[in-house]
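K.L.:
Input file: coords12.pdb. Contents: PDB, C-alpha atoms and all ligand atoms.
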```pdb
ATOM      1  CA  MET N   3      17.038  -1.414 -24.172
ATOM      2  CA  SER N   4      20.544  -0.043 -23.940
ATOM      3  CA  LEU N   5      21.001   2.412 -21.104
ATOM      4  CA  ARG N   6      23.534   5.195 -20.992
ATOM      5  CA  LEU N   7      24.397   5.365 -17.324
ATOM      6  CA  SER N   8      26.814   7.558 -15.507
ATOM      7  CA  PRO N   9      29.413   5.749 -13.383
ATOM      8  CA  GLU N  10      27.506   6.978 -10.285
ATOM      9  CA  GLN N  11      24.314   5.421 -11.524
ATOM     10  CA  ARG N  12      25.759   1.997 -12.333
ATOM     11  CA  PRO N  13      25.937   0.518  -8.834
ATOM     12  CA  ALA N  14      22.426   1.727  -8.103
ATOM     13  CA  VAL N  15      21.125   0.168 -11.308
ATOM     14  CA  ALA N  16      22.887  -3.094 -10.529
ATOM     15  CA  ALA N  17      21.213  -3.036  -7.127
ATOM     16  CA  ALA N  18      17.962  -2.033  -8.726
ATOM     17  CA  ARG N  19      17.969  -5.100 -10.908
ATOM     18  CA  LEU N  20      17.865  -7.154  -7.749
ATOM     19  CA  LEU N  21      14.643  -5.402  -6.894
ATOM     20  CA  GLU N  22      12.829  -6.173 -10.117
ATOM     21  CA  ARG N  23       9.713  -8.302 -10.170
ATOM     22  CA  ASP N  24       7.504  -6.161  -7.922
ATOM     23  CA  GLY N  25      10.262  -5.341  -5.534
ATOM     24  CA  GLN N  26      10.911  -8.948  -4.653
ATOM     25  CA  PRO N  27      14.597  -9.764  -4.537
ATOM     26  CA  THR N  28      15.741 -12.012  -7.341
ATOM     27  CA  VAL N  29      18.671 -14.376  -7.187
ATOM     28  CA  PRO N  30      21.807 -12.553  -8.311
ATOM     29  CA  ALA N  31      23.584 -13.911 -11.363
ATOM     30  CA  THR N  32      26.615 -14.969  -9.339
ATOM     31  CA  LEU N  33      24.439 -17.272  -7.283
ATOM     32  CA  LYS N  34      22.375 -18.622 -10.115
ATOM     33  CA  GLY N  35      24.721 -21.502 -10.857
ATOM     34  CA  ARG N  36      24.341 -22.682  -7.303
ATOM     35  CA  ARG N  37      20.633 -22.431  -7.571
ATOM     36  CA  SER N  38      20.431 -25.517  -9.741
ATOM     37  CA  THR N  39      22.178 -27.559  -7.109
ATOM     38  CA  SER N  40      20.108 -26.066  -4.341
ATOM     39  CA  PRO N  41      16.578 -24.860  -4.785
ATOM     40  CA  MET N  42      16.880 -23.487  -1.248
ATOM     41  CA  LEU N  43      18.488 -20.323  -2.554
ATOM     42  CA  SER N  44      15.559 -19.403  -4.690
ATOM     43  CA  ARG N  45      12.987 -20.272  -2.088
ATOM     44  CA  PRO N  46      14.187 -20.566   1.480
ATOM     45  CA  SER N  47      12.002 -22.789   3.514
ATOM     46  CA  THR N  48      12.035 -24.655   6.760
ATOM     47  CA  ARG N  49      11.013 -27.811   4.896
ATOM     48  CA  LEU N  50      14.441 -29.327   5.267
ATOM     49  CA  TRP N  51      14.666 -28.883   8.972
ATOM     50  CA  CYS N  52      11.809 -31.257   9.569
ATOM     51  CA  SER N  53      12.159 -33.415   6.505
ATOM     52  CA  PRO N  54      10.798 -36.826   7.358
ATOM     53  CA  GLY N  55      12.713 -38.237   4.363
ATOM     54  CA  THR N  56      16.208 -37.594   5.747
ATOM     55  CA  ARG N  57      16.666 -41.088   7.085
ATOM     56  CA  ALA N  58      14.810 -42.712   4.264
ATOM     57  CA  THR N  59      17.344 -41.393   1.733
ATOM     58  CA  GLY N  60      19.942 -43.775   3.117
ATOM     59  CA  LEU N  61      22.594 -41.040   3.041
ATOM     60  CA  PRO N  62      25.263 -41.398   5.678
ATOM     61  CA  VAL N  63      24.594 -39.172   8.669
ATOM     62  CA  ALA N  64      27.753 -37.088   8.044
ATOM     63  CA  ALA N  65      26.727 -36.358   4.450
ATOM     64  CA  THR N  66      23.255 -35.362   5.563
ATOM     65  CA  ALA N  67      24.685 -33.082   8.249
ATOM     66  CA  ALA N  68      27.036 -31.475   5.715
ATOM     67  CA  ARG N  69      24.184 -30.904   3.319
ATOM     68  CA  MET N  70      22.053 -29.363   6.041
ATOM     69  CA  HIS N  71      24.944 -27.124   7.071
ATOM     70  CA  ARG N  72      25.377 -25.930   3.481
ATOM     71  CA  GLN N  73      21.683 -25.261   3.165
ATOM     72  CA  SER N  74      21.678 -23.356   6.429
ATOM     73  CA  GLU N  75      24.484 -21.168   5.099
ATOM     74  CA  GLU N  76      22.546 -20.590   1.908
ATOM     75  CA  ASN N  77      19.480 -19.625   3.902
ATOM     76  CA  ASP N  78      21.587 -17.124   5.860
ATOM     77  CA  LEU N  79      22.924 -15.758   2.595
ATOM     78  CA  TRP N  80      19.405 -15.424   1.235
ATOM     79  CA  ARG N  81      18.234 -13.619   4.361
ATOM     80  CA  GLY N  82      21.241 -11.297   4.104
ATOM     81  CA  MET N  83      20.377 -10.536   0.473
ATOM     82  CA  SER N  84      16.773  -9.835   1.391
ATOM     83  CA  THR N  85      17.814  -7.480   4.182
ATOM     84  CA  LEU N  86      20.202  -5.739   1.834
ATOM     85  CA  THR N  87      17.657  -5.278  -0.935
ATOM     86  CA  GLU N  88      15.052  -4.113   1.592
ATOM     87  CA  SER N  89      17.458  -1.513   2.961
ATOM     88  CA  LEU N  90      18.227  -0.280  -0.571
ATOM     89  CA  LYS N  91      14.616   0.698  -1.117
ATOM     90  CA  ASN N  92      14.646   4.462  -0.875
ATOM     91  CA  GLU N  93      13.319   7.289  -2.992
ATOM     92  CA  HIS N  94      16.685   7.859  -4.716
ATOM     93  CA  LEU N  95      16.888   4.292  -5.943
ATOM     94  CA  LYS N  96      13.238   4.507  -6.933
ATOM     95  CA  ARG N  97      14.067   7.518  -9.068
ATOM     96  CA  VAL N  98      16.888   5.636 -10.777
ATOM     97  CA  LEU N  99      14.512   2.750 -11.450
ATOM     98  CA  HIS N 100      12.042   5.239 -12.889
ATOM     99  CA  VAL N 101      14.488   7.222 -15.029
ATOM    100  CA  THR N 102      16.102   4.092 -16.449
ATOM    101  CA  GLY N 103      12.727   2.527 -17.163
ATOM    102  CA  ILE N 104      13.539  -0.541 -15.078
ATOM    103  CA  ARG N 105      10.406   0.018 -13.067
ATOM    104  CA  ARG N 106       7.448   1.404 -14.932
ATOM    105  CA  PRO N 107       4.657   3.126 -13.025
ATOM    106  CA  SER N 108       1.332   1.352 -13.265
ATOM    107  CA  LEU N 109      -0.516   4.683 -12.982
ATOM    108  CA  VAL N 110       0.203   8.241 -14.092
ATOM    109  CA  GLN N 111      -1.452  11.554 -13.270
ATOM    110  CA  ARG N 112      -3.977  12.356 -15.986
ATOM    111  CA  GLN N 113      -6.360  15.058 -17.071
ATOM    112  CA  THR N 114      -9.906  13.843 -17.696
ATOM    113  CA  PRO N 115     -13.251  15.581 -18.211
ATOM    114  CA  HIS N 116     -14.623  14.276 -14.855
ATOM    115  CA  TYR N 117     -16.156  16.790 -12.474
ATOM    116  CA  ARG N 118     -13.516  17.707  -9.871
ATOM    117  CA  MET N 119     -14.110  19.789  -6.762
ATOM    118  CA  PRO N 120     -12.702  23.336  -7.103
ATOM    119  CA  LYS N 121     -12.016  23.676  -3.373
ATOM    120  CA  LEU N 122      -9.932  20.500  -3.328
ATOM    121  CA  GLN N 123      -8.065  21.476  -6.482
ATOM    122  CA  ALA N 124      -7.405  24.983  -5.183
ATOM    123  CA  ASN N 125      -5.740  23.463  -2.123
ATOM    124  CA  GLY N 126      -3.437  21.244  -4.185
ATOM    125  CA  GLY N 127      -5.518  18.042  -4.037
ATOM    126  CA  TYR N 128      -5.873  17.605  -0.272
ATOM    127  CA  LEU N 129      -7.960  19.166   2.469
ATOM    128  CA  PRO N 130      -7.424  18.442   6.149
ATOM    129  CA  LEU N 131     -10.855  18.646   7.795
ATOM    130  CA  LYS N 132     -11.851  18.917  11.418
ATOM    131  CA  LYS N 133     -11.804  15.890  13.685
ATOM    132  CA  TYR N 134     -14.717  13.493  13.783
ATOM    133  CA  ASP N 135     -16.859  14.463  16.771
ATOM    134  CA  GLY N 136     -19.575  11.789  16.663
ATOM    135  CA  PRO N 137     -20.044   8.863  19.027
ATOM    136  CA  GLU N 138     -16.916   7.083  20.241
ATOM    137  CA  ILE N 139     -15.806   4.371  17.789
ATOM    138  CA  PRO N 140     -15.095   1.318  19.969
ATOM    139  CA  ARG N 141     -11.846  -0.565  19.354
ATOM    140  CA  HIS N 142     -13.649  -3.791  18.570
ATOM    141  CA  GLU N 143     -15.184  -2.098  15.520
ATOM    142  CA  TYR N 144     -11.760  -2.123  13.887
ATOM    143  CA  GLU N 145      -9.820  -4.765  15.796
ATOM    144  CA  ASP N 146     -12.330  -7.583  15.335
ATOM    145  CA  LEU N 147     -12.910  -7.365  11.584
ATOM    146  CA  SER N 148     -11.726  -9.848   8.960
ATOM    147  CA  TYR N 149      -8.554  -8.520   7.368
ATOM    148  CA  THR N 150      -6.883  -9.568   4.171
ATOM    149  CA  THR N 151      -3.771  -8.419   2.314
ATOM    150  CA  TYR N 152      -2.283  -7.755  -1.100
ATOM    151  CA  SER N 153       0.407 -10.255  -1.971
ATOM    152  CA  THR N 154       2.800  -7.366  -2.759
ATOM    153  CA  ASP N 155       2.672  -5.747   0.683
ATOM    154  CA  ASP N 156       2.094  -7.945   3.683
ATOM    155  CA  SER N 157       2.935  -5.228   6.219
ATOM    156  CA  THR N 158      -0.386  -3.545   5.487
ATOM    157  CA  THR N 159      -3.695  -5.335   5.647
ATOM    158  CA  PHE N 160      -7.203  -4.154   4.905
ATOM    159  CA  ALA N 161     -10.638  -5.126   6.127
ATOM    160  CA  PRO N 162     -13.098  -4.573   3.280
ATOM    161  CA  ILE N 163     -16.273  -3.027   4.752
ATOM    162  CA  THR N 164     -17.653  -2.686   1.252
ATOM    163  CA  SER N 165     -16.496  -4.237  -1.986
ATOM    164  CA  CYS N 166     -17.858  -4.343  -5.506
ATOM    165  CA  THR N 167     -19.649  -7.640  -4.838
ATOM    166  CA  GLY N 168     -20.139  -7.661  -1.070
ATOM    167  CA  GLU N 169     -17.501 -10.404  -0.778
ATOM    168  CA  LEU N 170     -14.531  -9.973   1.563
ATOM    169  CA  GLU N 171     -12.154  -9.032  -1.246
ATOM    170  CA  LEU N 172      -9.810  -6.176  -2.143
ATOM    171  CA  LYS N 173     -10.310  -6.551  -5.891
ATOM    172  CA  GLY N 174     -10.725  -3.209  -7.673
ATOM    173  CA  PHE N 175     -14.211  -2.468  -8.969
ATOM    174  CA  GLU N 176     -12.737  -2.139 -12.464
ATOM    175  CA  ALA N 177     -12.164  -5.909 -12.420
ATOM    176  CA  TYR N 178     -15.963  -6.079 -12.708
ATOM    177  CA  GLY N 179     -16.082  -3.281 -15.293
ATOM    178  CA  LYS N 180     -17.500  -0.868 -12.691
ATOM    179  CA  PRO N 181     -16.333   2.487 -11.287
ATOM    180  CA  ASP N 182     -15.257   2.688  -7.633
ATOM    181  CA  LEU N 183     -18.779   3.694  -6.578
ATOM    182  CA  ASP N 184     -21.864   2.033  -5.103
ATOM    183  CA  GLY N 185     -19.927  -0.307  -2.827
ATOM    184  CA  VAL N 186     -21.826  -3.233  -1.341
ATOM    185  CA  TRP N 187     -21.528  -3.829   2.421
ATOM    186  CA  THR N 188     -19.587  -6.938   3.357
ATOM    187  CA  GLU N 189     -20.070  -9.069   6.460
ATOM    188  CA  ASN N 190     -17.517  -6.806   8.212
ATOM    189  CA  ALA N 191     -20.075  -3.982   8.105
ATOM    190  CA  LYS N 192     -22.270  -5.784  10.640
ATOM    191  CA  LYS N 193     -19.421  -5.628  13.155
ATOM    192  CA  CYS N 194     -18.794  -1.860  12.880
ATOM    193  CA  PRO N 195     -22.102   0.039  13.055
ATOM    194  CA  THR N 196     -20.524   3.335  14.193
ATOM    195  CA  VAL N 197     -18.126   3.242  11.252
ATOM    196  CA  VAL N 198     -20.989   2.479   8.869
ATOM    197  CA  SER N 199     -23.007   5.401  10.295
ATOM    198  CA  TRP N 200     -20.070   7.738   9.738
ATOM    199  CA  VAL N 201     -19.757   6.639   6.087
ATOM    200  CA  GLU N 202     -23.481   7.136   5.556
ATOM    201  CA  SER N 203     -23.400  10.537   7.262
ATOM    202  CA  ILE N 204     -21.195  11.872   4.458
ATOM    203  CA  GLY N 205     -24.218  11.638   2.191
ATOM    204  CA  ALA N 206     -22.201  11.126  -1.017
ATOM    205  CA  ARG N 207     -21.892   8.098  -3.306
ATOM    206  CA  PHE N 208     -19.150   5.819  -2.063
ATOM    207  CA  GLY N 209     -17.330   2.795  -3.440
ATOM    208  CA  ARG N 210     -14.550   1.068  -1.523
ATOM    209  CA  VAL N 211     -14.741   1.412   2.236
ATOM    210  CA  GLN N 212     -11.672  -0.214   3.723
ATOM    211  CA  LEU N 213     -10.130  -0.310   7.137
ATOM    212  CA  LEU N 214      -6.366  -0.168   7.001
ATOM    213  CA  LYS N 215      -4.267  -1.961   9.594
ATOM    214  CA  MET N 216      -0.631  -0.982   9.403
ATOM    215  CA  LYS N 217       2.555  -1.988  11.176
ATOM    216  CA  PRO N 218       5.002   0.815  12.065
ATOM    217  CA  ASN N 219       7.261   1.887   9.205
ATOM    218  CA  THR N 220      10.076   4.329   8.548
ATOM    219  CA  MET N 221       9.991   7.516   6.474
ATOM    220  CA  ARG N 222      12.347   5.799   4.018
ATOM    221  CA  GLU N 223       9.847   2.976   3.535
ATOM    222  CA  CYS N 224       6.987   5.456   3.306
ATOM    223  CA  ARG N 225       8.725   7.452   0.565
ATOM    224  CA  TRP N 226       9.660   4.261  -1.292
ATOM    225  CA  GLY N 227       5.976   3.357  -1.269
ATOM    226  CA  LEU N 228       4.562   6.691  -2.528
ATOM    227  CA  HIS N 229       1.946   5.828  -5.134
ATOM    228  CA  LEU N 230      -1.224   6.909  -6.917
ATOM    229  CA  ASP N 231      -4.498   5.103  -6.267
ATOM    230  CA  ASN N 232      -6.482   3.582  -9.090
ATOM    231  CA  ASN N 233      -9.735   5.334  -8.148
ATOM    232  CA  ASN N 234     -11.120   6.159 -11.548
ATOM    233  CA  ALA N 235     -10.656   3.118 -13.721
ATOM    234  CA  ALA N 236     -13.896   2.297 -15.538
ATOM    235  CA  ASN N 237     -15.311   5.656 -14.369
ATOM    236  CA  ASN N 238     -17.273   7.290 -17.193
ATOM    237  CA  PRO N 239     -16.934  11.114 -16.926
ATOM    238  CA  ASP N 240     -20.339  11.615 -18.577
ATOM    239  CA  GLU N 241     -21.977   9.762 -15.712
ATOM    240  CA  ASN N 242     -19.852  10.240 -12.596
ATOM    241  CA  GLY N 243     -17.591  12.712 -10.837
ATOM    242  CA  TRP N 244     -13.909  12.090 -10.152
ATOM    243  CA  VAL N 245     -13.452   9.645  -7.283
ATOM    244  CA  VAL N 246     -11.329  10.877  -4.371
ATOM    245  CA  ARG N 247     -10.678   9.338  -0.957
ATOM    246  CA  ILE N 248     -11.578  10.337   2.580
ATOM    247  CA  TRP N 249      -9.462   9.343   5.575
ATOM    248  CA  LEU N 250     -10.728   8.910   9.130
ATOM    249  CA  GLU N 251      -7.902   8.008  11.485
ATOM    250  CA  LEU N 252      -8.913   5.632  14.280
ATOM    251  CA  THR N 253      -5.804   5.157  16.392
ATOM    252  CA  ASP N 254      -3.854   7.856  18.155
ATOM    253  CA  ASP N 255      -0.189   8.337  17.428
ATOM    254  CA  ASP N 256       1.382  11.771  17.055
ATOM    255  CA  SER N 257       3.602  10.450  14.297
ATOM    256  CA  SER N 258       0.869   9.010  12.051
ATOM    257  CA  ALA N 259       0.651  10.975   8.820
ATOM    258  CA  LEU N 260      -0.252  10.764   5.191
ATOM    259  CA  VAL N 261       2.720  11.964   3.184
ATOM    260  CA  VAL N 262       1.632  13.520  -0.122
ATOM    261  CA  ARG N 263       3.589  14.890  -3.061
ATOM    262  CA  ARG N 264       2.505  16.631  -6.251
ATOM    263  CA  ASP N 265       5.553  15.163  -7.972
ATOM    264  CA  GLN N 266       6.694  11.857  -6.595
ATOM    265  CA  PHE N 267      10.395  12.754  -6.704
ATOM    266  CA  SER N 268      10.066  16.310  -5.440
ATOM    267  CA  LYS N 269      10.723  16.592  -1.744
ATOM    268  CA  ALA N 270       9.892  20.291  -2.079
ATOM    269  CA  SER N 271       6.319  19.362  -2.955
ATOM    270  CA  GLU N 272       5.961  17.061   0.059
ATOM    271  CA  VAL N 273       3.293  17.732   2.676
ATOM    272  CA  LYS N 274       2.665  15.645   5.793
ATOM    273  CA  ILE N 275      -1.012  15.521   6.654
ATOM    274  CA  SER N 276      -0.981  14.781  10.339
ATOM    275  CA  LEU N 277      -3.369  11.986  11.331
ATOM    276  CA  PRO N 278      -4.018  11.921  15.061
ATOM    277  CA  ARG N 279      -7.067   9.999  16.275
ATOM    278  CA  TYR N 280     -10.337  11.008  14.544
ATOM    279  CA  GLN N 281      -8.602  13.316  12.051
ATOM    280  CA  GLN N 282     -10.558  13.501   8.788
ATOM    281  CA  ALA N 283      -9.024  14.475   5.452
ATOM    282  CA  VAL N 284     -10.000  14.435   1.781
ATOM    283  CA  VAL N 285      -7.287  13.538  -0.691
ATOM    284  CA  ASP N 286      -7.313  13.283  -4.462
ATOM    285  CA  SER N 287      -5.213  10.159  -4.193
ATOM    286  CA  GLU N 288      -5.073   9.577  -7.941
ATOM    287  CA  PHE N 289      -3.539  13.019  -8.358
ATOM    288  CA  LEU N 290      -1.236  13.176  -5.328
ATOM    289  CA  TYR N 291       1.474  10.598  -4.718
ATOM    290  CA  HIS N 292       0.944   9.453  -1.177
ATOM    291  CA  GLY N 293       1.851   6.928   1.479
ATOM    292  CA  GLY N 294       1.237   6.347   5.155
ATOM    293  CA  TYR N 295       3.900   7.024   7.772
ATOM    294  CA  HIS N 296       3.546   5.617  11.247
ATOM    295  CA  HIS N 297       6.416   5.459  13.701
ATOM    296  CA  GLY N 298       4.523   3.304  16.159
ATOM    297  CA  PRO N 299       5.127   1.232  18.245
ATOM    298  CA  SER N 300       1.430   0.284  18.133
ATOM    299  CA  ILE N 301      -0.571  -0.907  15.156
ATOM    300  CA  ARG N 302      -2.257   1.890  13.218
ATOM    301  CA  TYR N 303      -5.886   1.721  12.044
ATOM    302  CA  ALA N 304      -7.522   4.144   9.604
ATOM    303  CA  LEU N 305     -10.706   4.137   7.586
ATOM    304  CA  ILE N 306     -10.402   5.030   3.897
ATOM    305  CA  VAL N 307     -13.439   5.637   1.701
ATOM    306  CA  SER N 308     -13.680   6.259  -2.038
ATOM    307  CA  CYS N 309     -16.232   9.015  -2.697
ATOM    308  CA  GLU N 310     -17.593  10.718  -5.789
ATOM    309  CA  SER N 311     -16.740  14.397  -6.311
ATOM    310  CA  GLY N 312     -19.988  16.326  -6.569
ATOM    311  CA  PRO N 313     -22.404  18.626  -4.740
ATOM    312  CA  ALA N 314     -23.202  16.079  -1.996
ATOM    313  CA  LEU N 315     -19.548  15.621  -1.054
ATOM    314  CA  GLU N 316     -18.925  19.367  -1.332
ATOM    315  CA  THR N 317     -21.742  20.040   1.137
ATOM    316  CA  TRP N 318     -20.239  17.559   3.593
ATOM    317  CA  ILE N 319     -16.738  18.998   3.156
ATOM    318  CA  ASP N 320     -18.078  22.514   3.829
ATOM    319  CA  SER N 321     -19.635  21.218   7.059
ATOM    320  CA  GLN N 322     -16.316  19.680   8.119
ATOM    321  CA  LEU N 323     -13.888  22.506   7.434
ATOM    322  CA  PRO N 324     -11.775  23.345  10.491
TER     323      PRO N 324
HETATM  324  O1  LIG W 401      -3.095   5.813   5.101
HETATM  325  C1  LIG W 401      -2.216   5.174   4.533
HETATM  326  O2  LIG W 401      -1.342   4.559   5.123
HETATM  327  C2  LIG W 401      -2.206   5.125   3.016
HETATM  328  C3  LIG W 401      -3.002   4.005   2.475
HETATM  329  C4  LIG W 401      -3.103   4.064   1.007
HETATM  330  O3  LIG W 401      -2.405   4.767   0.362
HETATM  331  C5  LIG W 401      -4.060   3.255   0.306
HETATM  332  O4  LIG W 401      -4.811   2.514   0.919
HETATM  333  O5  LIG W 401      -4.097   3.344  -0.935
HETATM  334 FE    FE W 402      -3.118   4.815  -1.698
END
```
Could I get this file's structure written as structure tokens?

P.N.:
Amino acid sequence: MSLRLSPEQRPAVAAARLLERDGQPTVPATLKGRRSTSPMLSRPSTRLWCSPGTRATGLPVAATAARMHRQSEENDLWRGMSTLTESLKNEHLKRVLHVTGIRRPSLVQRQTPHYRMPKLQANGGYLPLKKYDGPEIPRHEYEDLSYTTYSTDDSTTFAPITSCTGELELKGFEAYGKPDLDGVWTENAKKCPTVVSWVESIGARFGRVQLLKMKPNTMRECRWGLHLDNNNAANNPDENGWVVRIWLELTDDDSSALVVRRDQFSKASEVKISLPRYQQAVVDSEFLYHGGYHHGPSIRYALIVSCESGPALETWIDSQLP
């Protein structure tokens, strides 16, 4: 595809190309020639520093030292590139990636015939509720679970409390041809009875129940990561309501928030749903672009549940309005 770019856009697009392949930095063209002589540039590793084969190669010590020095420099260069590309990830660059088609969204907002809840729609797709006021949720119910991560984002990990199969997996239910409903408790559920009781107290059909464990981030990173959730893949509108998500924040940090936008590039449409400890909120997370913000310094934990829009959920929401 040939792109007509303004001179202002060109540097950003050049930088953007470094961020292709799921945001992972790629080796810039100017370094590619060197890559063939040193695989270290494409995949830095500590392998060389403890290579048992160094002596066995028979290379003179000086040559080995020179090679190690060069590889160390290349590792530094790689780390520098990674830091640079990480720091370039902001919403403006994301917009350039979007407009130029370099990065295509995997999901888009869509109209469907599913039942959607009028109260949620009337409030723009989100409803902050009152705080959970049930029994104390002990720390071990979220700290001692088995967590796993998506390969694309290792700063956030999730403990599946339900999954489509009952296995400890994050795989979407659509991978099994099923809507994000009727989740099966995993072995984590046995370790968090208060959390399980809260989910059951909602009284609506639920799919994914996941505990999120998140390292502190910046607002720039949060806005870079704004996304839509894939809640309604394989969800037949003749059979089920539109799946939305419910948040229950577990840790207490005044800065923790869910940042939502109607239009992912419109700051004017941005709302920060504050998430202090025990805050509950319902979000149509396939309609609103969203991302977690958490200044820290502690780790943040939050429970996120996929629930079916319908009379049962509406009754619960009405009972939880502030
Ligand atoms: O609460 C958050 O940090 C957002 C998590 C999120 O967007 C998700 O799990 O899809
Ligand atoms: Fe999400």

K.L.:
Quick check on the file I pasted: which residues fall under the PyMOL selection byres (((chain N and resi 188) around 8) and not hetatm)? Write them as a PyMOL selection string.

P.N.:
chain N and resi 162-165+168-170+186-187+189-192

K.L.:
Name the residues that the PyMOL selection byres (((not hetatm)) within 7 of (chain W and resi 401)) pulls out of this structure, and write them as a list in words.

P.N.:
Leu214, Asp231, Leu260, His292, Gly293, Gly294, Tyr295, Ala304 and Ile306 of chain N

K.L.:
Take atom CA of Arg97 of chain N and atom CA of Arg225 of chain N and report the distance between them in Å, one decimal.

P.N.:
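If I compute the distance from atom CA of Arg97 of chain N to atom CA of Arg225 of chain N, I get 11.0 Å.
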
K.L.:
Atom CA of Gly185 of chain N to atom CA of Ala161 of chain N: how many Å, to one decimal?

P.N.:
13.8 Å

K.L.:
What would the selection look like, as a list of chain:residue names, if the PyMOL selection byres (((chain N and resi 128) around 10) and not hetatm) were run on the coordinates I just shared?

P.N.:
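On the file shown, the PyMOL selection byres (((chain N and resi 128) around 10) and not hetatm) covers N:Lys121, N:Leu122, N:Gln123, N:Ala124, N:Asn125, N:Gly126, N:Gly127, N:Leu129, N:Pro130, N:Leu131, N:Val246, N:Arg247, N:Ile248, N:Val262, N:Val273, N:Ile275, N:Ala283, N:Val284, N:Val285, N:Asp286, N:Ser287, N:Phe289, N:Leu290.
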
K.L.:
With a distance cut-off of 12 Å and all atoms listed in the file, select the neighbouring residues of Gln113 of chain N, excluding the residue or stretch itself and same-chain residues fewer than 4 positions from it, and output the selection as a list in words.

P.N.:
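Here the qualifying residues turn out to be Tyr117, Arg118, Asn234, Pro239, Trp244, Glu288 and Phe289 of chain N.
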
K.L.:
Give me a file of those residues, with C-alpha atoms, as a PDB file, in the frame of the given file.

P.N.:
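Result file is part.pdb:
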```pdb
ATOM      1  CA  TYR N 117     -16.156  16.790 -12.474  1.00  0.00           C
ATOM      2  CA  ARG N 118     -13.516  17.707  -9.871  1.00  0.00           C
ATOM      3  CA  ASN N 234     -11.120   6.159 -11.548  1.00  0.00           C
ATOM      4  CA  PRO N 239     -16.934  11.114 -16.926  1.00  0.00           C
ATOM      5  CA  TRP N 244     -13.909  12.090 -10.152  1.00  0.00           C
ATOM      6  CA  GLU N 288      -5.073   9.577  -7.941  1.00  0.00           C
ATOM      7  CA  PHE N 289      -3.539  13.019  -8.358  1.00  0.00           C
TER       8      PHE N 289
END
```

K.L.:
Tell me which of N:Val98, N:Met119, N:Ile301, N:Leu315 sits closest to Glu202 of chain N, counting only C-alpha atoms.

P.N.:
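Using only C-alpha atoms, Glu202 of chain N sits closest to N:Leu315.
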
K.L.:
With 12 Å as the threshold, what does the neighbourhood of (-12.0, -4.9, -11.3) contain in terms of residues, counting all atoms listed in the file? Coordinates are those of the file; answer as a ChimeraX atom specification.

P.N.:
/N:165-167,171-183,210,232-237
